[in-house]
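Okay, upload.cif now, which holds mmCIF, C-alpha atoms:
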data_structure
#
loop_
_atom_site.label_atom_id
_atom_site.label_comp_id
_atom_site.auth_asym_id
_atom_site.auth_seq_id
_atom_site.Cartn_x
_atom_site.Cartn_y
_atom_site.Cartn_z
CA MET A 1 0.00 0.00 0.00
CA ASN A 2 1.22 3.51 -0.83
CA LEU A 3 0.89 5.47 2.41
CA ALA A 4 2.09 8.79 1.04
CA ASP A 5 -1.37 10.34 0.86
CA GLU A 6 -3.57 7.75 2.57
CA TRP A 7 -3.50 9.71 5.83
CA LYS A 8 -5.46 12.48 4.09
CA ARG A 9 -8.50 10.27 3.42
CA THR A 10 -10.44 11.49 6.48
CA GLN A 11 -9.65 15.14 5.61
CA PRO A 12 -7.82 16.02 8.84
CA ASP A 13 -6.60 19.48 9.74
CA LEU A 14 -3.63 18.24 11.78
CA ALA A 15 -1.18 15.36 11.34
CA VAL A 16 0.24 14.35 14.72
CA TYR A 17 2.05 11.12 13.85
CA LEU A 18 2.46 9.35 10.52
CA PRO A 19 4.36 6.04 10.63
CA ALA A 20 6.84 5.54 7.83
CA ASP A 21 5.64 2.06 6.86
CA LEU A 22 3.49 -0.91 7.83
CA GLU A 23 6.26 -3.12 9.15
CA GLY A 24 7.82 -1.01 11.90
CA ASP A 25 7.38 -1.20 15.65
CA ASP A 26 5.14 1.88 15.38
CA ALA A 27 2.65 0.49 12.85
CA ALA A 28 -0.17 0.34 15.39
CA ASN A 29 -1.05 3.62 17.13
CA GLN A 30 -4.19 3.89 19.21
CA HIS A 31 -5.78 5.07 22.42
CA PHE A 32 -4.85 8.67 21.61
CA ASN A 33 -5.34 11.03 24.56
CA VAL A 34 -4.50 14.72 24.08
CA VAL A 35 -4.75 17.34 26.83
CA VAL A 36 -3.91 21.04 27.06
CA THR A 37 -1.29 21.67 29.74
CA PRO A 38 -1.32 24.75 32.01
CA SER A 39 1.39 26.28 29.79
CA GLY A 40 -0.93 26.01 26.76
CA ALA A 41 0.98 23.14 25.12
CA PHE A 42 -0.81 20.16 23.63
CA LEU A 43 0.40 16.92 25.23
CA GLY A 44 -0.49 13.74 23.38
CA MET A 45 -0.13 10.23 24.79
CA TRP A 46 -0.83 6.97 23.03
CA THR A 47 -0.22 3.23 22.94
CA THR A 48 2.02 2.03 20.12
CA SER A 49 3.36 -1.33 18.94
CA THR A 50 4.02 -3.46 15.89
CA TYR A 51 0.39 -4.61 16.16
CA GLU A 52 -2.18 -4.42 18.94
CA ASN A 53 -1.17 -6.49 21.99
CA ALA A 54 2.28 -7.21 20.51
CA SER A 55 5.23 -7.96 22.77
CA ASP A 56 6.67 -4.49 22.12
CA GLN A 57 3.57 -2.54 23.17
CA ARG A 58 4.48 0.67 24.98
CA VAL A 59 3.21 4.09 26.02
CA VAL A 60 4.69 7.19 24.38
CA CYS A 61 4.08 10.93 24.43
CA SER A 62 4.64 13.95 22.22
CA ARG A 63 4.20 17.72 22.71
CA SER A 64 3.14 20.58 20.49
CA THR A 65 3.69 24.24 21.35
CA ASP A 66 2.01 25.59 18.20
CA ARG A 67 -1.48 24.21 18.75
CA GLY A 68 -0.96 20.93 17.00
CA HIS A 69 0.82 21.95 13.82
CA THR A 70 4.16 20.38 14.77
CA TRP A 71 4.97 17.72 17.35
CA THR A 72 8.10 16.46 19.07
CA LYS A 73 9.52 13.03 18.37
CA PRO A 74 7.59 10.47 20.47
CA GLN A 75 9.22 9.75 23.83
CA MET A 76 8.69 6.39 25.51
CA ILE A 77 7.20 6.62 28.99
CA ASP A 78 7.19 2.87 29.65
CA GLY A 79 7.29 -0.46 27.86
CA PRO A 80 9.01 -3.84 27.80
CA LYS A 81 12.66 -3.80 28.83
CA PRO A 82 15.53 -5.94 27.53
CA GLY A 83 15.39 -9.23 29.37
CA ASP A 84 11.63 -9.19 29.95
CA ALA A 85 10.07 -12.53 29.10
CA THR A 86 8.07 -12.66 25.88
CA ARG A 87 4.57 -11.20 26.24
CA THR A 88 5.44 -9.46 29.53
CA GLY A 89 6.33 -5.92 30.50
CA LEU A 90 3.82 -4.34 28.11
CA ALA A 91 2.67 -0.79 28.91
CA SER A 92 -0.73 0.09 27.51
CA TRP A 93 -3.88 2.21 27.73
CA GLU A 94 -2.47 5.36 29.28
CA PHE A 95 -4.40 8.31 30.65
CA PRO A 96 -3.05 11.66 31.92
CA ILE A 97 -4.05 13.57 35.03
CA ILE A 98 -3.00 17.21 35.46
CA ALA A 99 -2.67 18.60 38.99
CA PRO A 100 -2.47 22.42 38.69
CA GLY A 101 -0.57 24.26 41.44
CA VAL A 102 0.09 21.09 43.44
CA LEU A 103 3.86 21.56 43.76
CA PRO A 104 5.31 23.54 46.69
CA ASP A 105 6.39 26.36 44.35
CA GLY A 106 2.92 26.55 42.82
CA GLY A 107 3.87 24.60 39.73
CA HIS A 108 1.80 21.89 38.12
CA ARG A 109 2.38 18.17 37.81
CA ILE A 110 1.28 15.87 34.99
CA TYR A 111 0.80 12.19 35.74
CA CYS A 112 0.72 9.45 33.14
CA PHE A 113 -1.12 6.38 34.42
CA TYR A 114 -1.20 3.14 32.44
CA ASN A 115 -1.70 -0.61 32.57
CA LYS A 116 1.66 -2.31 33.23
CA ASN A 117 1.96 -6.04 32.63
CA VAL A 118 3.98 -7.58 35.48
CA GLY A 119 4.35 -11.06 34.01
CA ILE A 120 0.80 -12.37 34.45
CA ASP A 121 -1.88 -12.95 31.78
CA ASP A 122 -5.36 -13.45 33.23
CA ALA A 123 -7.41 -12.24 30.23
CA ARG A 124 -4.98 -10.70 27.74
CA PRO A 125 -1.38 -9.56 28.35
CA ASP A 126 -2.15 -5.90 27.73
CA THR A 127 -5.21 -5.79 29.99
CA THR A 128 -3.89 -7.76 32.98
CA GLY A 129 -1.67 -5.35 34.84
CA ALA A 130 -0.86 -2.96 37.63
CA LEU A 131 -2.08 0.63 37.74
CA ARG A 132 1.30 2.33 37.33
CA CYS A 133 2.41 5.90 36.74
CA ARG A 134 5.25 8.22 35.98
CA TYR A 135 4.99 11.98 36.42
CA SER A 136 6.40 15.16 34.90
CA ASP A 137 7.04 18.45 36.69
CA ASP A 138 8.18 20.28 33.54
CA ASP A 139 5.00 20.23 31.44
CA GLY A 140 5.57 16.80 29.93
CA ILE A 141 9.12 17.35 28.65
CA THR A 142 10.76 14.81 30.98
CA TRP A 143 9.34 12.07 33.19
CA SER A 144 10.24 10.68 36.59
CA GLU A 145 12.65 7.78 36.66
CA GLN A 146 10.74 6.24 39.54
CA THR A 147 7.37 4.61 38.96
CA TYR A 148 4.49 4.21 41.40
CA ASP A 149 1.79 1.53 41.61
CA TYR A 150 -1.69 1.92 43.11
CA PRO A 151 -4.32 -0.67 44.05
CA ILE A 152 -7.40 -1.56 42.06
CA GLU A 153 -9.74 -3.16 44.54
CA PRO A 154 -11.15 -6.56 43.48
CA ASN A 155 -14.80 -7.45 43.08
CA ALA A 156 -16.78 -10.65 42.46
CA ILE A 157 -15.31 -11.29 38.98
CA SER A 158 -11.65 -10.79 40.01
CA HIS A 159 -9.05 -13.53 40.43
CA PRO A 160 -9.22 -15.00 43.95
CA ASP A 161 -5.45 -14.57 44.37
CA PRO A 162 -4.79 -10.96 45.50
CA ASN A 163 -1.36 -11.13 43.83
CA VAL A 164 -2.96 -11.37 40.37
CA PRO A 165 -3.55 -7.88 38.97
CA ALA A 166 -6.90 -6.68 37.70
CA ASN A 167 -7.99 -6.93 34.06
CA TRP A 168 -8.75 -3.32 33.18
CA ILE A 169 -8.33 -0.29 30.96
CA VAL A 170 -9.23 3.40 31.21
CA TYR A 171 -9.85 4.56 27.66
CA GLN A 172 -10.73 8.25 27.94
CA ASN A 173 -9.34 11.35 29.60
CA VAL A 174 -10.47 11.66 33.19
CA PHE A 175 -13.18 13.77 34.78
CA THR A 176 -13.03 16.03 37.86
CA THR A 177 -16.20 15.81 39.93
CA ALA A 178 -17.97 18.61 41.77
CA GLU A 179 -16.45 17.36 45.03
CA GLY A 180 -12.95 17.75 43.58
CA HIS A 181 -12.11 14.10 43.04
CA VAL A 182 -10.66 12.86 39.76
CA LEU A 183 -12.85 10.05 38.45
CA ALA A 184 -11.52 7.53 35.95
CA PRO A 185 -14.22 5.10 34.76
CA PHE A 186 -12.78 1.78 33.61
CA THR A 187 -13.66 -1.52 32.03
CA ARG A 188 -13.12 -4.47 34.36
CA TRP A 189 -12.86 -7.81 32.58
CA ALA A 190 -13.44 -10.99 34.52
CA SER A 191 -10.61 -13.25 35.54
CA ASN A 192 -10.30 -16.39 33.46
CA THR A 193 -11.01 -18.24 36.70
CA PHE A 194 -14.46 -16.60 36.73
CA ASP A 195 -15.27 -16.55 33.00
CA PRO A 196 -13.20 -18.99 30.91
CA ALA A 197 -13.83 -16.99 27.72
CA VAL A 198 -10.38 -17.79 26.31
CA LYS A 199 -11.04 -21.52 26.59
CA LEU A 200 -14.30 -20.93 24.75
CA SER A 201 -12.36 -19.21 21.94
CA LEU A 202 -14.20 -15.95 22.57
CA SER A 203 -12.67 -12.55 21.93
CA LEU A 204 -12.06 -9.95 24.61
CA LEU A 205 -15.17 -8.17 23.33
CA GLU A 206 -17.30 -11.14 24.47
CA HIS A 207 -15.55 -11.64 27.80
CA TRP A 208 -17.57 -10.94 30.96
CA SER A 209 -17.02 -7.26 31.66
CA GLU A 210 -18.40 -4.54 33.92
CA ILE A 211 -18.03 -0.80 34.45
CA CYS A 212 -16.21 0.35 37.58
CA PHE A 213 -14.61 3.61 38.68
CA LEU A 214 -11.23 4.67 40.05
CA ARG A 215 -11.37 7.76 42.22
CA PHE A 216 -8.18 9.69 42.85
CA GLU A 217 -9.09 11.21 46.18
CA ASN A 218 -6.24 13.67 46.78
CA ILE A 219 -4.26 13.90 43.56
CA LEU A 220 -5.12 17.58 43.08
CA THR A 221 -3.75 18.55 46.51
CA GLU A 222 -1.04 16.01 47.47
CA PRO A 223 2.45 16.57 45.98
CA ASP A 224 3.93 13.28 47.25
CA PRO A 225 3.04 10.48 44.79
CA SER A 226 3.61 7.87 47.49
CA LYS A 227 0.75 9.40 49.47
CA LEU A 228 -1.88 9.38 46.73
CA ILE A 229 -5.12 7.67 47.70
CA VAL A 230 -6.92 5.75 44.93
CA THR A 231 -10.22 4.04 45.67
CA THR A 232 -12.39 1.74 43.55
CA TRP A 233 -16.17 2.05 43.16
CA PRO A 234 -18.90 0.90 43.45
CA LYS A 235 -18.49 -0.82 46.81
CA THR A 236 -20.67 -3.72 45.68
CA PRO A 237 -19.88 -7.26 44.43
CA HIS A 238 -20.37 -6.13 40.80
CA GLY A 239 -19.99 -3.01 38.72
CA LEU A 240 -22.48 -1.75 36.15
CA GLN A 241 -23.72 -4.61 33.98
CA VAL A 242 -25.52 -5.12 30.67
CA GLU A 243 -26.47 -8.67 29.67
CA TYR A 244 -24.98 -10.12 26.49
CA PRO A 245 -27.87 -11.73 24.53
CA ASN A 246 -25.70 -14.56 23.18
CA ARG A 247 -24.48 -15.47 26.68
CA PRO A 248 -27.47 -15.24 29.03
CA GLY A 249 -26.42 -14.20 32.51
CA VAL A 250 -23.10 -12.78 31.29
CA SER A 251 -22.46 -9.03 31.37
CA VAL A 252 -20.66 -7.18 28.58
CA ALA A 253 -20.41 -3.47 29.43
CA GLN A 254 -17.24 -1.69 28.40
CA GLU A 255 -15.38 1.56 27.77
CA PRO A 256 -17.29 4.14 29.78
CA THR A 257 -17.10 7.91 29.69
CA VAL A 258 -18.49 10.17 32.40
CA GLN A 259 -19.64 13.78 32.17
CA ALA A 260 -21.40 16.18 34.52
CA LEU A 261 -24.97 17.39 34.24
CA SER A 262 -25.92 20.87 35.35
CA ASP A 263 -28.05 19.55 38.23
CA GLY A 264 -25.02 17.87 39.86
CA ARG A 265 -25.65 14.36 38.60
CA LEU A 266 -23.16 12.39 36.50
CA ILE A 267 -23.94 10.49 33.31
CA CYS A 268 -21.93 7.45 32.21
CA VAL A 269 -22.18 6.18 28.60
CA MET A 270 -20.89 2.70 27.70
CA ARG A 271 -20.67 0.29 24.79
CA THR A 272 -22.51 -3.05 24.89
CA MET A 273 -23.12 -6.21 22.89
CA VAL A 274 -26.75 -5.43 22.08
CA GLY A 275 -26.04 -3.02 19.21
CA LEU A 276 -26.87 0.03 21.34
CA ASN A 277 -25.17 2.49 23.66
CA TYR A 278 -26.33 2.32 27.27
CA TYR A 279 -26.11 4.92 30.03
CA ALA A 280 -26.45 5.20 33.81
CA LEU A 281 -26.79 8.12 36.23
CA SER A 282 -25.20 8.89 39.60
CA GLU A 283 -26.51 11.30 42.23
CA ASP A 284 -23.63 10.91 44.70
CA ASP A 285 -20.49 11.99 42.83
CA GLY A 286 -19.96 8.57 41.24
CA ARG A 287 -20.13 6.38 44.32
CA SER A 288 -23.26 4.57 43.16
CA TRP A 289 -25.22 4.36 39.91
CA ASP A 290 -28.69 3.40 38.75
CA VAL A 291 -29.39 0.54 36.35
CA PRO A 292 -27.96 0.99 32.81
CA ARG A 293 -30.51 1.34 29.98
CA PRO A 294 -30.46 2.29 26.29
CA LEU A 295 -29.34 5.79 25.36
CA ARG A 296 -31.94 7.38 23.07
CA TYR A 297 -32.22 10.44 20.86
CA GLU A 298 -34.87 11.74 23.26
CA PRO A 299 -36.87 10.34 26.19
CA GLY A 300 -38.92 7.43 24.83
CA GLY A 301 -37.40 7.90 21.37
CA ASN A 302 -35.33 5.72 19.09
CA PRO A 303 -32.23 4.17 20.66
CA ILE A 304 -28.78 5.28 19.52
CA LEU A 305 -27.33 2.37 17.58
CA ASN A 306 -23.69 1.44 18.05
CA PRO A 307 -21.70 -1.79 17.71
CA ILE A 308 -19.32 -2.71 20.50
CA SER A 309 -17.08 0.19 19.61
CA PRO A 310 -15.80 3.18 21.62
CA SER A 311 -18.49 5.84 21.83
CA PRO A 312 -17.31 8.74 24.02
CA LEU A 313 -19.54 11.53 25.27
CA TYR A 314 -17.80 14.91 25.52
CA ARG A 315 -19.03 18.07 27.23
CA LEU A 316 -18.42 21.22 25.22
CA ALA A 317 -17.24 24.42 26.87
CA ASP A 318 -20.62 26.01 26.10
CA GLY A 319 -22.53 23.29 28.01
CA ARG A 320 -23.64 21.18 25.07
CA TYR A 321 -22.57 17.56 24.64
CA LEU A 322 -20.94 15.78 21.72
CA LEU A 323 -21.46 12.05 21.14
CA LEU A 324 -19.22 10.06 18.81
CA PHE A 325 -20.69 6.77 17.57
CA TYR A 326 -21.06 4.49 14.54
CA ASN A 327 -24.80 4.68 13.91
CA ASN A 328 -25.32 0.96 13.33
CA ASP A 329 -26.02 -2.13 15.41
CA GLY A 330 -23.12 -4.10 13.98
CA THR A 331 -24.51 -4.81 10.51
CA ALA A 332 -23.11 -1.81 8.60
CA ASN A 333 -21.00 -2.51 5.53
CA GLY A 334 -21.84 -6.21 5.67
CA GLY A 335 -21.04 -6.61 9.36
CA LYS A 336 -22.27 -9.85 10.86
CA SER A 337 -22.60 -8.78 14.52
CA PRO A 338 -21.60 -6.03 16.96
CA ILE A 339 -18.07 -7.50 17.21
CA ASP A 340 -17.40 -7.33 13.44
CA SER A 341 -15.01 -4.38 13.80
CA LYS A 342 -13.52 -4.90 10.34
CA ASN A 343 -16.78 -3.67 8.86
CA ASN A 344 -18.94 -1.77 11.34
CA ARG A 345 -16.51 0.90 12.63
CA TYR A 346 -16.82 3.28 9.70
CA PRO A 347 -18.00 5.88 9.03
CA VAL A 348 -17.95 7.64 12.39
CA TRP A 349 -20.85 9.96 13.23
CA LEU A 350 -21.33 12.87 15.63
CA THR A 351 -24.44 14.31 17.22
CA VAL A 352 -24.96 17.19 19.62
CA GLY A 353 -26.79 16.70 22.89
CA ARG A 354 -28.54 19.29 25.02
CA GLU A 355 -29.90 18.98 28.53
CA ILE A 356 -33.65 18.77 29.08
CA PRO A 357 -34.51 20.93 32.11
CA GLY A 358 -36.23 18.90 34.81
CA GLU A 359 -35.89 15.54 33.02
CA LYS A 360 -34.92 12.93 35.61
CA ASP A 361 -34.59 9.69 33.68
CA HIS A 362 -33.19 10.63 30.25
CA PRO A 363 -31.61 14.06 30.72
CA LEU A 364 -30.28 14.62 27.17
CA ILE A 365 -31.85 15.16 23.75
CA PHE A 366 -29.73 14.65 20.62
CA GLY A 367 -29.96 16.05 17.12
CA VAL A 368 -29.75 14.45 13.71
CA PRO A 369 -26.42 12.60 13.43
CA LYS A 370 -23.83 13.66 10.89
CA ILE A 371 -20.84 11.81 9.40
CA PHE A 372 -17.57 13.15 10.79
CA ALA A 373 -15.10 10.96 8.90
CA SER A 374 -14.85 7.72 6.93
CA SER A 375 -12.14 5.31 5.87
CA ASP A 376 -14.31 4.36 2.88
CA GLY A 377 -13.60 0.76 3.83
CA VAL A 378 -9.95 1.00 2.78
CA LEU A 379 -7.91 -1.38 4.91
CA ILE A 380 -4.50 -0.74 6.38
CA PRO A 381 -3.19 -4.29 6.78
CA GLY A 382 -1.97 -5.43 10.19
CA THR A 383 -3.34 -2.44 12.11
CA GLY A 384 -6.91 -1.27 12.68
CA GLY A 385 -8.35 -2.46 9.39
CA SER A 386 -10.99 -0.01 8.21
CA GLN A 387 -12.02 1.49 11.57
CA VAL A 388 -11.81 5.23 12.01
CA ALA A 389 -11.70 7.42 15.14
CA THR A 390 -11.77 4.58 17.65
CA TYR A 391 -10.14 5.65 20.95
CA PRO A 392 -10.10 9.41 20.27
CA SER A 393 -9.91 12.45 22.56
CA PHE A 394 -11.29 15.95 22.46
CA VAL A 395 -9.92 19.43 23.16
CA ASP A 396 -12.23 22.42 23.61
CA ASP A 397 -10.25 25.21 25.29
CA GLY A 398 -12.00 28.27 23.91
CA ASN A 399 -9.47 28.73 21.13
CA ASP A 400 -10.02 25.49 19.25
CA ARG A 401 -12.43 22.60 19.27
CA ILE A 402 -10.43 19.61 17.99
CA LEU A 403 -11.18 15.91 17.85
CA PHE A 404 -7.89 14.00 17.94
CA TYR A 405 -8.27 10.49 16.56
CA PRO A 406 -6.45 7.40 15.30
CA ASP A 407 -7.25 6.59 11.69
CA ARG A 408 -7.34 2.81 11.28
CA LYS A 409 -5.19 2.58 14.43
CA HIS A 410 -2.24 3.72 12.32
CA PHE A 411 -2.23 7.47 11.66
CA LEU A 412 -2.77 9.96 14.51
CA LEU A 413 -4.71 13.00 13.32
CA GLY A 414 -6.75 16.00 14.43
CA LYS A 415 -9.79 17.69 12.94
CA ARG A 416 -11.41 20.98 13.96
CA ILE A 417 -15.14 21.15 14.61
CA THR A 418 -16.81 24.51 14.12
CA ASP A 419 -20.16 25.81 15.36
CA GLU A 420 -21.32 25.98 11.77
CA TRP A 421 -20.51 22.31 11.24
CA LEU A 422 -22.34 21.36 14.44
CA LYS A 423 -25.56 23.17 13.52
CA ASP A 424 -26.68 20.27 11.34
CA CYS A 425 -26.66 17.88 14.31
CA ASP A 426 -27.74 20.26 17.07
CA PRO A 427 -31.32 19.60 18.27
CA ASP A 428 -31.91 23.35 18.59
CA PHE A 429 -31.33 23.76 14.85
CA ASN A 430 -32.28 20.29 13.58
CA PRO A 431 -34.79 18.87 16.07
CA VAL A 432 -35.15 15.16 16.64
CA ARG A 433 -38.79 15.22 15.60
CA LEU A 434 -37.64 16.14 12.08
CA ARG A 435 -35.08 13.34 11.97
CA PRO A 436 -35.64 11.13 8.89
CA PRO A 437 -36.19 7.39 9.34
CA MET A 438 -33.01 5.50 10.11
CA PRO A 439 -31.52 3.81 7.02
CA ILE A 440 -32.51 0.15 6.76
CA GLU A 441 -28.90 -1.03 6.74
CA PHE A 442 -28.58 0.19 10.33
CA LEU A 443 -31.53 -1.86 11.56
CA GLY A 444 -30.18 -5.39 11.52
CA SER A 445 -31.69 -8.03 13.76
CA ARG A 446 -30.32 -8.74 17.22
#
Kindly transcribe the structure held in the file into C-alpha cells.
Amino acid sequence: MNLADEWKRTQPDLAVYLPADLEGDDAANQHFNVVVTPSGAFLGMWTTSTYENASDQRVVCSRSTDRGHTWTKPQMIDGPKPGDATRTGLASWEFPIIAPGVLPDGGHRIYCFYNKNVGIDDARPDTTGALRCRYSDDDGITWSEQTYDYPIEPNAISHPDPNVPANWIVYQNVFTTAEGHVLAPFTRWASNTFDPAVKLSLSLLEHWSEICFLRFENILTEPDPSKLIVTTWPKTPHGLQVEYPNRPGVSVAQEPTVQALSDGRLICVMRTMVGLNYYALSEDDGRSWDVPRPLRYEPGGNPILNPISPSPLYRLADGRYLLLFYNNDGTANGGKSPIDSKNNRYPVWLTVGREIPGEKDHPLIFGVPKIFASSDGVLIPGTGGSQVATYPSFVDDGNDRILFYPDRKHFLLGKRITDEWLKDCDPDFNPVRLRPPMPIEFLGSR
C-alpha cells in the first residue's frame, strides 16, 4: 500500500504522527489522549506497537507548542525492557491527570497512568496489569525515573489470588467531579477463573465485563506520589452490567465515559453487545449508579445504535454535549454482529446533545447525526483495518475545538469542529422530531 497520501483520506486538519511504513514497531497507534497543559501546550499520549497487543507494546508521548501543527519526536514513557520474558512488560492504555498548582512552588504536575503487565496474563497480556504511573514536573518534557503503583480493589469477577492484577483499561481522559475528586471510569474484565472466555475461543469483546470507577481522592492537593489515595467504586460485588444476549447471565459493558450534568448528577455512557449504547446516572459523585438502559435520541425515542465500539460523550465548553458513535447495530458494511469491527466501525458519526430541564430519567436530547469521517472501507493491513476514530480524545479550550483520533489505528490525526458544522446535528437547529427514518442497513436483527 502507498501510504504517502492515505492519511489524508479522512480530511484532517492536523497530522500528529504518521508512521513511515506498515512493518515497523510503530505500525499500530491507538488510544490517543490529548490534553492542554497549564502552559498552553498540547500533550499527546498513546499506545504504540508493531500490532495491537504485541510484545513491544508501549506508552509514548509527544508535545506541540504551536497548537498541533508540529509535534516532538515520540518519547517512551514505559514499555518492555531488555530481558523481559516474551509477552510481559507491556505498557498500555495510558491516561493523563493534570494537577495544577500542586507543587510547593505553585507549579503543576502531569501524571501518566497506564496498565503495566507484570508477568501475568489473566485475560490478555495488555489488559492484565498494575495501575502504574510516571509523572512530569516540567510540562511533559521529561518524566520521573521512579514509577508508582496503586491498588485496584477486586470485586466478584476478580481472580481470587490478590497477587494477580486486575484486568482493566481506562480509555478516555479523566473527569473532575464537583467534590474535587478525579474520576476515571474503567472496564473491568473478569478473571479467566471466573469466566473462561479464552477456553471458549471468545474474543475480549465477548468476555464478561463490567463498568467500575477509580477515584483519585487527593491527587489535586497532594504533591507526594507515594501518598496518593486511589479508591475503587462501586463498593458492591459487581460493577455496572448489561447482559450479552448470546451469553445469558453474562455481562458485557465496556469503555465508559463520564460527564457532569448541570443539576449535579453524572452520566456514564458505555458500549454493549446489544447493538446500542447504554447509560447510567449517579446522584452521589460517582459512588453509586442506577441501572444501565439504552441511550436514546430523546426520552422514549429511538435508541442510539452502536456496535461494541468506543463511543465517548464529551461536554463542550458552552454546556452542550458531543457524542461520537457508529450509527449501526453491527450490521453496517456487511457486518455480521456487533463484534465485526472490520466492517462496522466506519464511518464515524457525531451528534450534539442538550440537557432537558427537569428531566430525571433521560436528561439529554440529541440532534440528527452527521458523518464526521470515513475510511471508505480502505484497509490498512496489520493495524486497525478499516475502523476510524476509535479511541479518540477531544480538546475544547476556547481557542479550538479539535477531535484527535487514530485513523485505522495507524495514523494519529486531528480535525477541527466549528459551530457551523455542528448546527446540522444540534437539536436546537435540527430537532429530533424532524429526523428522517433510520436507514434500513442500520436496523439489523439482534
Q: Can you work out the spacing between atom CA of Asp376 of chain A and atom CA of Gly335 of chain A in Å, to one decimal?
A: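 Going from atom CA of Asp376 of chain A over to atom CA of Gly335 of chain A, I get 14.4 Å.
Atom pair atom CA of Gly414 of chain A / atom CA of Pro38 of chain A has a distance of 20.4 Å (rounded to one decimal).
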**Q.** Atom-to-atom span, atom CA of Asn192 of chain A and atom CA of Pro154 of chain A, Å
**A.** 14.1 Å
Q | Residues selected by the PyMOL selection byres ((chain A and resi 304) around 8), written as an NGL selection string | A | :A and (276-277 or 294-297 or 302-303 or 305-306 or 327)
Q: Point out the residue among A:Trp189, A:Phe42, A:Tyr326, A:Tyr135 with the least atom-to-atom distance to Gly275 of chain A, counting only C-alpha atoms.
A: A:Tyr326
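Residue nearest Leu323 of chain A, chosen from A:Glu222, A:Asp426, A:Glu243, A:Asp263 and counting all atoms listed in the file: A:Asp426.
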Q) Contacts of Asp25 of chain A at 8 Å or less, counting all atoms listed in the file, minus same-chain residues fewer than 3 places along, as a PyMOL selection string? A) chain A and resi 28+48-51+56
Q: Show which residues sit within 8 Å of segment 160-172 of chain A, as a ChimeraX atom specification. Count only C-alpha atoms, and ignore same-chain residues fewer than 5 positions away.
A: /A:31,33,93-95,115,120,122-124,127-130,152,154,184-191,255-257,312,391-393
(Q) the PyMOL selection byres ((chain A and resi 367-371) around 8) - which residues does that actually catch in the file I just gave you? List them as number ranges by chain. (A) A: 297, 347-353, 365-366, 372-374, 424-428, 430-432, 435
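Distance check against Gly106 of chain A using only C-alpha atoms: of A:Asp66, A:Glu359, A:Asp137, A:Asp290, the minimum falls on A:Asp137.
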